[in-house]
file upload_24.csv (CSV, N, CA and C atoms)
chain,number,residue,atom,x,y,z
A,91,MET,N,80.5,10.6,87.5
A,91,MET,CA,80.8,11.9,87.9
A,91,MET,C,82.3,12.0,88.3
A,92,TYR,N,82.9,13.1,88.0
A,92,TYR,CA,84.4,13.3,88.2
A,92,TYR,C,84.7,13.4,89.7
A,93,GLU,N,85.6,12.7,90.2
A,93,GLU,CA,85.9,12.7,91.6
A,93,GLU,C,87.3,13.3,91.9
A,94,ALA,N,88.3,13.1,91.0
A,94,ALA,CA,89.6,13.5,91.3
A,94,ALA,C,89.7,15.0,91.2
A,95,PRO,N,90.6,15.6,92.1
A,95,PRO,CA,90.7,17.1,92.1
A,95,PRO,C,91.4,17.6,90.8
A,96,ILE,N,91.1,18.8,90.5
A,96,ILE,CA,91.8,19.4,89.4
A,96,ILE,C,93.2,19.8,89.8
A,97,THR,N,94.2,19.6,89.0
A,97,THR,CA,95.6,20.0,89.3
A,97,THR,C,95.7,21.4,88.8
A,98,ILE,N,96.2,22.3,89.7
A,98,ILE,CA,96.4,23.7,89.3
A,98,ILE,C,97.9,23.9,89.0
A,99,ASP,N,98.2,24.3,87.8
A,99,ASP,CA,99.5,24.6,87.4
A,99,ASP,C,99.6,26.1,86.8
A,100,LEU,N,100.1,26.9,87.6
A,100,LEU,CA,100.0,28.4,87.3
A,100,LEU,C,101.3,28.9,86.5
A,101,SER,N,102.0,28.0,85.9
A,101,SER,CA,103.2,28.4,85.2
A,101,SER,C,102.9,29.3,84.0
A,102,TYR,N,101.7,29.1,83.4
A,102,TYR,CA,101.3,30.0,82.3
A,102,TYR,C,101.0,31.4,82.8
A,103,LEU,N,100.2,31.4,83.9
A,103,LEU,CA,99.9,32.7,84.6
A,103,LEU,C,101.2,33.5,85.0
A,104,TYR,N,102.1,32.7,85.6
A,104,TYR,CA,103.4,33.4,86.0
A,104,TYR,C,104.2,33.9,84.8
A,105,SER,N,104.1,33.2,83.7
A,105,SER,CA,104.8,33.7,82.5
A,105,SER,C,104.2,35.0,82.0
A,106,LEU,N,102.9,35.1,82.2
A,106,LEU,CA,102.2,36.3,81.7
A,106,LEU,C,102.5,37.5,82.7
A,107,THR,N,102.6,37.2,84.0
A,107,THR,CA,102.7,38.3,85.0
A,107,THR,C,104.2,38.7,85.2
A,108,GLY,N,105.1,37.8,84.9
A,108,GLY,CA,106.5,38.1,85.1
A,108,GLY,C,106.9,38.5,86.5
A,109,GLY,N,106.2,37.9,87.5
A,109,GLY,CA,106.6,38.1,88.9
A,109,GLY,C,105.9,39.3,89.5
A,110,ASP,N,105.1,40.0,88.7
A,110,ASP,CA,104.4,41.2,89.2
A,110,ASP,C,103.2,40.7,90.0
A,111,LYS,N,103.3,40.7,91.3
A,111,LYS,CA,102.2,40.2,92.2
A,111,LYS,C,100.9,41.0,92.1
A,112,THR,N,101.0,42.3,91.9
A,112,THR,CA,99.8,43.0,91.7
A,112,THR,C,99.0,42.6,90.4
A,113,PHE,N,99.8,42.5,89.3
A,113,PHE,CA,99.2,42.0,88.1
A,113,PHE,C,98.7,40.6,88.2
A,114,GLU,N,99.4,39.7,88.9
A,114,GLU,CA,99.0,38.3,89.1
A,114,GLU,C,97.7,38.3,89.9
A,115,HIS,N,97.6,39.1,90.9
A,115,HIS,CA,96.3,39.2,91.7
A,115,HIS,C,95.2,39.7,90.8
A,116,MET,N,95.4,40.7,90.1
A,116,MET,CA,94.3,41.3,89.2
A,116,MET,C,93.9,40.2,88.1
A,117,LEU,N,94.8,39.6,87.5
A,117,LEU,CA,94.5,38.7,86.4
A,117,LEU,C,93.8,37.4,86.9
A,118,LEU,N,94.4,36.9,88.0
A,118,LEU,CA,93.8,35.7,88.6
A,118,LEU,C,92.4,36.0,89.1
A,119,THR,N,92.2,37.1,89.8
A,119,THR,CA,90.9,37.4,90.3
A,119,THR,C,89.8,37.6,89.2
A,120,SER,N,90.2,38.3,88.2
A,120,SER,CA,89.2,38.4,87.1
A,120,SER,C,89.0,37.1,86.3
A,121,THR,N,90.1,36.3,86.3
A,121,THR,CA,89.9,34.9,85.6
A,121,THR,C,89.0,34.0,86.4
A,122,VAL,N,89.1,34.0,87.7
A,122,VAL,CA,88.3,33.2,88.5
A,122,VAL,C,86.8,33.6,88.4
A,123,MET,N,86.6,34.9,88.3
A,123,MET,CA,85.2,35.4,88.1
A,123,MET,C,84.7,35.0,86.7
A,124,GLU,N,85.5,35.1,85.7
A,124,GLU,CA,85.1,34.7,84.4
A,124,GLU,C,84.8,33.2,84.3
A,125,VAL,N,85.7,32.3,84.9
A,125,VAL,CA,85.4,30.9,84.9
A,125,VAL,C,84.1,30.6,85.6
A,126,ASP,N,83.9,31.3,86.7
A,126,ASP,CA,82.6,31.1,87.4
A,126,ASP,C,81.4,31.3,86.5
A,127,ILE,N,81.5,32.4,85.8
A,127,ILE,CA,80.4,32.8,84.8
A,127,ILE,C,80.3,31.8,83.7
A,128,MET,N,81.4,31.4,83.2
A,128,MET,CA,81.4,30.4,82.1
A,128,MET,C,80.9,29.0,82.5
A,129,VAL,N,81.3,28.6,83.7
A,129,VAL,CA,80.8,27.3,84.2
A,129,VAL,C,79.3,27.3,84.4
A,130,SER,N,78.8,28.4,85.0
A,130,SER,CA,77.4,28.6,85.2
A,130,SER,C,76.6,28.6,83.9
A,131,GLY,N,77.2,29.3,82.9
A,131,GLY,CA,76.6,29.4,81.6
A,131,GLY,C,76.6,28.1,80.9
A,132,LEU,N,77.7,27.4,81.0
A,132,LEU,CA,77.8,26.0,80.4
A,132,LEU,C,76.7,25.1,81.0
A,133,LYS,N,76.6,25.1,82.3
A,133,LYS,CA,75.6,24.3,82.9
A,133,LYS,C,74.2,24.6,82.4
A,134,ALA,N,73.8,25.9,82.4
A,134,ALA,CA,72.5,26.3,81.9
A,134,ALA,C,72.3,25.9,80.5
A,135,ALA,N,73.3,26.1,79.6
A,135,ALA,CA,73.2,25.8,78.2
A,135,ALA,C,73.0,24.3,78.0
A,136,TRP,N,73.8,23.5,78.8
A,136,TRP,CA,73.7,22.0,78.7
A,136,TRP,C,72.3,21.5,79.1
A,137,GLU,N,71.8,22.1,80.2
A,137,GLU,CA,70.5,21.7,80.7
A,137,GLU,C,69.4,22.0,79.7
A,138,SER,N,69.6,23.1,78.9
A,138,SER,CA,68.7,23.5,77.9
A,138,SER,C,68.9,22.8,76.5
A,139,GLU,N,70.0,22.0,76.5
A,139,GLU,CA,70.5,21.3,75.3
A,139,GLU,C,70.6,22.3,74.1
A,140,GLU,N,71.3,23.4,74.4
A,140,GLU,CA,71.5,24.5,73.5
A,140,GLU,C,72.9,24.5,72.9
A,141,PRO,N,73.1,23.9,71.7
A,141,PRO,CA,74.4,23.7,71.2
A,141,PRO,C,75.3,25.0,71.0
A,142,ALA,N,74.6,26.1,70.6
A,142,ALA,CA,75.4,27.3,70.4
A,142,ALA,C,75.9,27.9,71.7
A,143,GLY,N,75.1,27.8,72.7
A,143,GLY,CA,75.5,28.3,74.1
A,143,GLY,C,76.6,27.4,74.6
A,144,ILE,N,76.4,26.1,74.5
A,144,ILE,CA,77.4,25.2,75.0
A,144,ILE,C,78.8,25.5,74.4
A,145,ARG,N,78.7,25.6,73.0
A,145,ARG,CA,80.0,25.9,72.3
A,145,ARG,C,80.6,27.2,72.8
A,146,LYS,N,79.8,28.3,72.9
A,146,LYS,CA,80.2,29.6,73.3
A,146,LYS,C,80.9,29.5,74.7
A,147,TYR,N,80.3,28.9,75.7
A,147,TYR,CA,80.9,28.8,77.0
A,147,TYR,C,82.1,27.9,77.0
A,148,ALA,N,82.1,26.8,76.3
A,148,ALA,CA,83.2,25.9,76.3
A,148,ALA,C,84.4,26.6,75.6
A,149,HIS,N,84.1,27.3,74.5
A,149,HIS,CA,85.2,28.1,73.8
A,149,HIS,C,85.9,29.1,74.7
A,150,SER,N,85.1,29.8,75.5
A,150,SER,CA,85.6,30.8,76.4
A,150,SER,C,86.4,30.1,77.5
A,151,LEU,N,85.9,29.0,78.0
A,151,LEU,CA,86.6,28.3,79.0
A,151,LEU,C,88.0,27.8,78.6
A,152,VAL,N,88.2,27.6,77.3
A,152,VAL,CA,89.5,27.1,76.9
A,152,VAL,C,90.6,28.1,77.3
A,153,SER,N,90.4,29.4,77.0
A,153,SER,CA,91.4,30.4,77.3
A,153,SER,C,91.5,30.7,78.8
A,154,VAL,N,90.3,30.9,79.5
A,154,VAL,CA,90.4,31.3,80.9
A,154,VAL,C,90.9,30.2,81.8
A,155,SER,N,90.6,28.9,81.4
A,155,SER,CA,91.1,27.8,82.2
A,155,SER,C,92.6,27.7,82.1
A,156,ALA,N,93.1,28.0,80.9
A,156,ALA,CA,94.5,28.0,80.7
A,156,ALA,C,95.2,29.0,81.6
A,157,ILE,N,94.7,30.2,81.7
A,157,ILE,CA,95.2,31.2,82.6
A,157,ILE,C,95.1,30.8,84.1
A,158,ALA,N,94.0,30.1,84.4
A,158,ALA,CA,93.8,29.6,85.8
A,158,ALA,C,94.6,28.4,86.1
A,159,GLY,N,95.3,27.9,85.1
A,159,GLY,CA,96.2,26.7,85.3
A,159,GLY,C,95.4,25.4,85.4
A,160,MET,N,94.2,25.3,84.9
A,160,MET,CA,93.4,24.1,84.9
A,160,MET,C,93.5,23.4,83.6
A,161,GLN,N,94.5,22.6,83.4
A,161,GLN,CA,94.8,22.0,82.1
A,161,GLN,C,93.7,20.9,81.8
A,162,GLN,N,93.2,20.2,82.8
A,162,GLN,CA,92.1,19.3,82.5
A,162,GLN,C,90.9,20.0,82.0
A,163,VAL,N,90.5,21.1,82.6
A,163,VAL,CA,89.3,21.8,82.2
A,163,VAL,C,89.6,22.4,80.8
A,164,GLU,N,90.8,22.9,80.5
A,164,GLU,CA,91.1,23.4,79.2
A,164,GLU,C,90.9,22.3,78.2
A,165,GLY,N,91.4,21.1,78.4
A,165,GLY,CA,91.3,20.0,77.5
A,165,GLY,C,89.9,19.6,77.3
A,166,TRP,N,89.1,19.4,78.3
A,166,TRP,CA,87.7,19.0,78.2
A,166,TRP,C,86.9,20.1,77.4
A,167,SER,N,87.2,21.4,77.7
A,167,SER,CA,86.5,22.5,77.0
A,167,SER,C,86.9,22.5,75.6
A,168,ARG,N,88.1,22.2,75.2
A,168,ARG,CA,88.5,22.2,73.8
A,168,ARG,C,87.8,21.1,73.0
A,169,ILE,N,87.6,19.9,73.6
A,169,ILE,CA,86.9,18.8,73.0
A,169,ILE,C,85.4,19.2,72.8
A,170,ILE,N,84.8,19.8,73.8
A,170,ILE,CA,83.4,20.2,73.7
A,170,ILE,C,83.2,21.3,72.6
A,171,ASP,N,84.1,22.3,72.6
A,171,ASP,CA,84.1,23.4,71.6
A,171,ASP,C,84.2,22.8,70.2
A,172,GLN,N,85.1,21.9,70.0
A,172,GLN,CA,85.3,21.3,68.7
A,172,GLN,C,84.1,20.5,68.2
A,173,ASP,N,83.6,19.6,69.2
A,173,ASP,CA,82.5,18.7,68.8
A,173,ASP,C,81.2,19.5,68.5
A,174,PHE,N,81.0,20.6,69.2
A,174,PHE,CA,79.8,21.4,69.0
A,174,PHE,C,79.9,22.3,67.9
A,175,ALA,N,81.0,22.3,67.1
A,175,ALA,CA,81.1,23.2,66.0
A,175,ALA,C,80.1,22.9,64.9
A,176,ASP,N,79.5,21.7,64.9
A,176,ASP,CA,78.6,21.3,63.9
A,176,ASP,C,77.1,21.8,64.2
A,177,GLY,N,77.0,22.4,65.4
A,177,GLY,CA,75.7,23.0,65.8
A,177,GLY,C,74.7,22.0,66.3
A,178,LYS,N,75.1,20.7,66.5
A,178,LYS,CA,74.2,19.7,67.0
A,178,LYS,C,74.5,19.4,68.5
A,179,PHE,N,73.5,18.9,69.2
A,179,PHE,CA,73.7,18.5,70.6
A,179,PHE,C,74.4,17.2,70.7
A,180,HIS,N,75.4,17.1,71.5
A,180,HIS,CA,76.1,15.8,71.7
A,180,HIS,C,76.0,15.3,73.1
A,181,PRO,N,75.0,14.5,73.4
A,181,PRO,CA,74.8,13.9,74.7
A,181,PRO,C,76.0,13.0,75.2
A,182,GLU,N,76.7,12.5,74.2
A,182,GLU,CA,77.9,11.6,74.6
A,182,GLU,C,79.0,12.4,75.3
A,183,LEU,N,78.9,13.7,75.3
A,183,LEU,CA,79.9,14.6,76.0
A,183,LEU,C,79.4,14.9,77.4
A,184,THR,N,78.3,14.3,77.9
A,184,THR,CA,77.8,14.6,79.2
A,184,THR,C,78.9,14.5,80.3
A,185,GLU,N,79.7,13.4,80.2
A,185,GLU,CA,80.7,13.2,81.2
A,185,GLU,C,81.7,14.4,81.3
A,186,LEU,N,82.1,14.9,80.1
A,186,LEU,CA,83.1,16.0,80.1
A,186,LEU,C,82.5,17.3,80.7
A,187,VAL,N,81.2,17.5,80.4
A,187,VAL,CA,80.5,18.7,81.0
A,187,VAL,C,80.4,18.5,82.5
A,188,ASP,N,80.0,17.3,82.9
A,188,ASP,CA,79.8,17.1,84.3
A,188,ASP,C,81.2,17.2,85.0
A,189,ASN,N,82.2,16.8,84.4
A,189,ASN,CA,83.6,16.9,85.0
A,189,ASN,C,83.9,18.4,85.3
A,190,ILE,N,83.6,19.2,84.3
A,190,ILE,CA,83.9,20.7,84.5
A,190,ILE,C,83.1,21.2,85.6
A,191,ILE,N,81.8,21.0,85.6
A,191,ILE,CA,80.9,21.5,86.6
A,191,ILE,C,81.2,21.0,88.0
A,192,ALA,N,81.5,19.7,88.1
A,192,ALA,CA,81.8,19.1,89.4
A,192,ALA,C,83.1,19.5,90.0
A,193,SER,N,84.1,19.7,89.1
A,193,SER,CA,85.5,20.0,89.6
A,193,SER,C,85.7,21.5,89.9
A,194,TRP,N,84.8,22.3,89.4
A,194,TRP,CA,85.1,23.8,89.6
A,194,TRP,C,85.1,24.2,91.0
A,195,PRO,N,84.1,23.8,91.9
A,195,PRO,CA,84.1,24.4,93.3
A,195,PRO,C,85.5,24.2,94.0
A,196,ALA,N,86.0,23.0,93.9
A,196,ALA,CA,87.3,22.7,94.6
A,196,ALA,C,88.5,23.5,93.9
A,197,ALA,N,88.5,23.6,92.6
A,197,ALA,CA,89.5,24.3,91.9
A,197,ALA,C,89.4,25.8,92.3
A,198,LYS,N,88.2,26.3,92.4
A,198,LYS,CA,87.9,27.7,92.7
A,198,LYS,C,88.5,28.0,94.1
A,199,SER,N,88.3,27.1,95.0
A,199,SER,CA,88.9,27.2,96.4
A,199,SER,C,90.4,27.3,96.4
A,200,GLN,N,91.0,26.4,95.6
A,200,GLN,CA,92.5,26.4,95.4
A,200,GLN,C,92.9,27.8,94.9
A,201,LEU,N,92.2,28.2,93.8
A,201,LEU,CA,92.6,29.5,93.2
A,201,LEU,C,92.4,30.7,94.1
A,202,GLU,N,91.4,30.7,94.9
A,202,GLU,CA,91.1,31.7,95.9
A,202,GLU,C,92.2,31.8,96.9
A,203,ALA,N,92.8,30.6,97.3
A,203,ALA,CA,93.9,30.6,98.2
A,203,ALA,C,95.2,31.3,97.6
A,204,VAL,N,95.4,31.0,96.3
A,204,VAL,CA,96.5,31.6,95.6
A,204,VAL,C,96.3,33.1,95.5
A,205,ILE,N,95.1,33.5,95.3
A,205,ILE,CA,94.7,35.0,95.2
A,205,ILE,C,95.0,35.6,96.6
A,206,ALA,N,94.6,35.0,97.6
A,206,ALA,CA,94.9,35.5,99.0
A,206,ALA,C,96.4,35.6,99.2
A,207,ASP,N,97.2,34.7,98.8
A,207,ASP,CA,98.6,34.7,98.9
A,207,ASP,C,99.2,35.9,98.1
A,208,ALA,N,98.7,36.0,96.9
A,208,ALA,CA,99.2,37.1,96.0
A,208,ALA,C,98.8,38.5,96.6
A,209,THR,N,97.6,38.5,97.2
A,209,THR,CA,97.1,39.8,97.9
A,209,THR,C,98.1,40.2,99.0
A,210,SER,N,98.5,39.2,99.8
A,210,SER,CA,99.4,39.6,100.9
A,210,SER,C,100.8,39.9,100.4
A,211,GLU,N,101.3,39.1,99.4
A,211,GLU,CA,102.6,39.4,98.9
A,211,GLU,C,102.7,40.7,98.2
A,212,ALA,N,101.6,41.1,97.6
A,212,ALA,CA,101.6,42.4,96.8
A,212,ALA,C,101.3,43.6,97.8
A,213,GLY,N,100.9,43.3,99.0
A,213,GLY,CA,100.5,44.4,99.9
A,213,GLY,C,99.2,45.0,99.5
A,214,ILE,N,98.3,44.3,98.9
A,214,ILE,CA,97.0,44.8,98.4
A,214,ILE,C,96.0,44.6,99.5
A,215,SER,N,95.2,45.7,99.8
A,215,SER,CA,94.2,45.6,100.8
A,215,SER,C,92.9,45.5,100.0
A,216,ASP,N,92.0,44.6,100.5
A,216,ASP,CA,90.7,44.4,99.9
A,216,ASP,C,89.7,45.4,100.3
call {"tool": "encode", "arguments": {"input": "upload_24.csv", "output": "structure tokens"}}
result
Amino acid sequence: MYEAPITIDLSYLYSLTGGDKTFEHMLLTSTVMEVDIMVSGLKAAWESEEPAGIRKYAHSLVSVSAIAGMQQVEGWSRIIDQDFADGKFHPELTELVDNIIASWPAAKSQLEAVIADATSEAGISD
């Protein structure tokens, strides 16, 4: 099981938002919700050994994890997406899937702290 924390690098997000804190808040908030959905879906598809679902969620995680600055998750997701292109179940990728699932709660907490900072900097009220 994956133990090391995910390193969050938001340079890609910042390049997209161009310093607009309101846009940063909106984009990161929706991205965190999307990652949450994709990780849950990946977990369910993995437990069902459903190759099409695994690939679908891994493919979606590639882009949203890039926006969220989670390069490790992006890399793992890219490998899973590519390997599942053949439509077969690949149990040898269990460690990568477990890494994504296990690392997400801590990464989510880090990202929620960034969202809170962007909220106050942009003067957004919840």
call {"tool": "residues_near_point", "arguments": {"input": "upload_24.csv", "point": "(90.8, 17.3, 80.4)", "cutoff": "12 Å", "atoms": "only C-alpha atoms", "output": "ChimeraX atom specification"}}
result
/A:92,94-97,151-152,155-156,159-170,185-190,193
call {"tool": "write_last_selection", "arguments": {"input": "upload_24.csv", "atoms": "N, CA and C atoms", "output": "PDB file, keeping the file's coordinate frame"}}
result
ATOM      1  N   TYR A  92      82.900  13.100  88.000  1.00  0.00           N
ATOM      2  CA  TYR A  92      84.400  13.300  88.200  1.00  0.00           C
ATOM      3  C   TYR A  92      84.700  13.400  89.700  1.00  0.00           C
ATOM      4  N   ALA A  94      88.300  13.100  91.000  1.00  0.00           N
ATOM      5  CA  ALA A  94      89.600  13.500  91.300  1.00  0.00           C
ATOM      6  C   ALA A  94      89.700  15.000  91.200  1.00  0.00           C
ATOM      7  N   PRO A  95      90.600  15.600  92.100  1.00  0.00           N
ATOM      8  CA  PRO A  95      90.700  17.100  92.100  1.00  0.00           C
ATOM      9  C   PRO A  95      91.400  17.600  90.800  1.00  0.00           C
ATOM     10  N   ILE A  96      91.100  18.800  90.500  1.00  0.00           N
ATOM     11  CA  ILE A  96      91.800  19.400  89.400  1.00  0.00           C
ATOM     12  C   ILE A  96      93.200  19.800  89.800  1.00  0.00           C
ATOM     13  N   THR A  97      94.200  19.600  89.000  1.00  0.00           N
ATOM     14  CA  THR A  97      95.600  20.000  89.300  1.00  0.00           C
ATOM     15  C   THR A  97      95.700  21.400  88.800  1.00  0.00           C
ATOM     16  N   LEU A 151      85.900  29.000  78.000  1.00  0.00           N
ATOM     17  CA  LEU A 151      86.600  28.300  79.000  1.00  0.00           C
ATOM     18  C   LEU A 151      88.000  27.800  78.600  1.00  0.00           C
ATOM     19  N   VAL A 152      88.200  27.600  77.300  1.00  0.00           N
ATOM     20  CA  VAL A 152      89.500  27.100  76.900  1.00  0.00           C
ATOM     21  C   VAL A 152      90.600  28.100  77.300  1.00  0.00           C
ATOM     22  N   SER A 155      90.600  28.900  81.400  1.00  0.00           N
ATOM     23  CA  SER A 155      91.100  27.800  82.200  1.00  0.00           C
ATOM     24  C   SER A 155      92.600  27.700  82.100  1.00  0.00           C
ATOM     25  N   ALA A 156      93.100  28.000  80.900  1.00  0.00           N
ATOM     26  CA  ALA A 156      94.500  28.000  80.700  1.00  0.00           C
ATOM     27  C   ALA A 156      95.200  29.000  81.600  1.00  0.00           C
ATOM     28  N   GLY A 159      95.300  27.900  85.100  1.00  0.00           N
ATOM     29  CA  GLY A 159      96.200  26.700  85.300  1.00  0.00           C
ATOM     30  C   GLY A 159      95.400  25.400  85.400  1.00  0.00           C
ATOM     31  N   MET A 160      94.200  25.300  84.900  1.00  0.00           N
ATOM     32  CA  MET A 160      93.400  24.100  84.900  1.00  0.00           C
ATOM     33  C   MET A 160      93.500  23.400  83.600  1.00  0.00           C
ATOM     34  N   GLN A 161      94.500  22.600  83.400  1.00  0.00           N
ATOM     35  CA  GLN A 161      94.800  22.000  82.100  1.00  0.00           C
ATOM     36  C   GLN A 161      93.700  20.900  81.800  1.00  0.00           C
ATOM     37  N   GLN A 162      93.200  20.200  82.800  1.00  0.00           N
ATOM     38  CA  GLN A 162      92.100  19.300  82.500  1.00  0.00           C
ATOM     39  C   GLN A 162      90.900  20.000  82.000  1.00  0.00           C
ATOM     40  N   VAL A 163      90.500  21.100  82.600  1.00  0.00           N
ATOM     41  CA  VAL A 163      89.300  21.800  82.200  1.00  0.00           C
ATOM     42  C   VAL A 163      89.600  22.400  80.800  1.00  0.00           C
ATOM     43  N   GLU A 164      90.800  22.900  80.500  1.00  0.00           N
ATOM     44  CA  GLU A 164      91.100  23.400  79.200  1.00  0.00           C
ATOM     45  C   GLU A 164      90.900  22.300  78.200  1.00  0.00           C
ATOM     46  N   GLY A 165      91.400  21.100  78.400  1.00  0.00           N
ATOM     47  CA  GLY A 165      91.300  20.000  77.500  1.00  0.00           C
ATOM     48  C   GLY A 165      89.900  19.600  77.300  1.00  0.00           C
ATOM     49  N   TRP A 166      89.100  19.400  78.300  1.00  0.00           N
ATOM     50  CA  TRP A 166      87.700  19.000  78.200  1.00  0.00           C
ATOM     51  C   TRP A 166      86.900  20.100  77.400  1.00  0.00           C
ATOM     52  N   SER A 167      87.200  21.400  77.700  1.00  0.00           N
ATOM     53  CA  SER A 167      86.500  22.500  77.000  1.00  0.00           C
ATOM     54  C   SER A 167      86.900  22.500  75.600  1.00  0.00           C
ATOM     55  N   ARG A 168      88.100  22.200  75.200  1.00  0.00           N
ATOM     56  CA  ARG A 168      88.500  22.200  73.800  1.00  0.00           C
ATOM     57  C   ARG A 168      87.800  21.100  73.000  1.00  0.00           C
ATOM     58  N   ILE A 169      87.600  19.900  73.600  1.00  0.00           N
ATOM     59  CA  ILE A 169      86.900  18.800  73.000  1.00  0.00           C
ATOM     60  C   ILE A 169      85.400  19.200  72.800  1.00  0.00           C
ATOM     61  N   ILE A 170      84.800  19.800  73.800  1.00  0.00           N
ATOM     62  CA  ILE A 170      83.400  20.200  73.700  1.00  0.00           C
ATOM     63  C   ILE A 170      83.200  21.300  72.600  1.00  0.00           C
ATOM     64  N   GLU A 185      79.700  13.400  80.200  1.00  0.00           N
ATOM     65  CA  GLU A 185      80.700  13.200  81.200  1.00  0.00           C
ATOM     66  C   GLU A 185      81.700  14.400  81.300  1.00  0.00           C
ATOM     67  N   LEU A 186      82.100  14.900  80.100  1.00  0.00           N
ATOM     68  CA  LEU A 186      83.100  16.000  80.100  1.00  0.00           C
ATOM     69  C   LEU A 186      82.500  17.300  80.700  1.00  0.00           C
ATOM     70  N   VAL A 187      81.200  17.500  80.400  1.00  0.00           N
ATOM     71  CA  VAL A 187      80.500  18.700  81.000  1.00  0.00           C
ATOM     72  C   VAL A 187      80.400  18.500  82.500  1.00  0.00           C
ATOM     73  N   ASP A 188      80.000  17.300  82.900  1.00  0.00           N
ATOM     74  CA  ASP A 188      79.800  17.100  84.300  1.00  0.00           C
ATOM     75  C   ASP A 188      81.200  17.200  85.000  1.00  0.00           C
ATOM     76  N   ASN A 189      82.200  16.800  84.400  1.00  0.00           N
ATOM     77  CA  ASN A 189      83.600  16.900  85.000  1.00  0.00           C
ATOM     78  C   ASN A 189      83.900  18.400  85.300  1.00  0.00           C
ATOM     79  N   ILE A 190      83.600  19.200  84.300  1.00  0.00           N
ATOM     80  CA  ILE A 190      83.900  20.700  84.500  1.00  0.00           C
ATOM     81  C   ILE A 190      83.100  21.200  85.600  1.00  0.00           C
ATOM     82  N   SER A 193      84.100  19.700  89.100  1.00  0.00           N
ATOM     83  CA  SER A 193      85.500  20.000  89.600  1.00  0.00           C
ATOM     84  C   SER A 193      85.700  21.500  89.900  1.00  0.00           C
TER      85      SER A 193
END
call {"tool": "closest_residue", "arguments": {"input": "upload_24.csv", "among": "A:Ala208, A:Trp136, A:Lys111, A:Ile214", "to": "A:Glu182", "atoms": "only C-alpha atoms"}}
result
A:Trp136
call {"tool": "atom_distance", "arguments": {"input": "upload_24.csv", "atom1": "atom CA of A:Met128", "atom2": "atom C of A:Thr107"}}
result
24.5 Å
call {"tool": "residues_around", "arguments": {"input": "upload_24.csv", "residues": "A:Glu139", "least_positions_apart": "5", "cutoff": "10 Å", "atoms": "only C-alpha atoms", "output": "list in words"}}
result
Lys133, Ala134, Ile144, Lys178, Phe179, His180 and Pro181 of chain A
call {"tool": "select_by_dssp", "arguments": {"input": "upload_24.csv", "residues": "chain A", "states": "helix (DSSP H, G or I)", "output": "VMD selection string"}}
result
chain A and resid 101 to 107 111 to 137 141 to 157 161 to 176 181 to 212
call {"tool": "atom_distance", "arguments": {"input": "upload_24.csv", "atom1": "atom CA of A:Thr112", "atom2": "atom CA of A:Ser153"}}
result
20.9 Å
call {"tool": "atom_distance", "arguments": {"input": "upload_24.csv", "atom1": "atom CA of A:Leu118", "atom2": "atom N of A:Val154"}}
result
10.9 Å
call {"tool": "closest_residue", "arguments": {"input": "upload_24.csv", "among": "A:Ser138, A:Ala158, A:His115, A:Ser150", "to": "A:Leu100", "atoms": "all atoms listed in the file"}}
result
A:Ala158
call {"tool": "closest_residue", "arguments": {"input": "upload_24.csv", "among": "A:Gly177, A:Gly108, A:Gly213, A:Pro195", "to": "A:Gly143", "atoms": "only C-alpha atoms"}}
result
A:Gly177
call {"tool": "residues_around", "arguments": {"input": "upload_24.csv", "residues": "A:Met116", "least_positions_apart": "5", "cutoff": "8 Å", "atoms": "all atoms listed in the file", "output": "JSON, numbers by chain"}}
result
{"A": [110, 111, 121, 122, 205, 208, 209]}
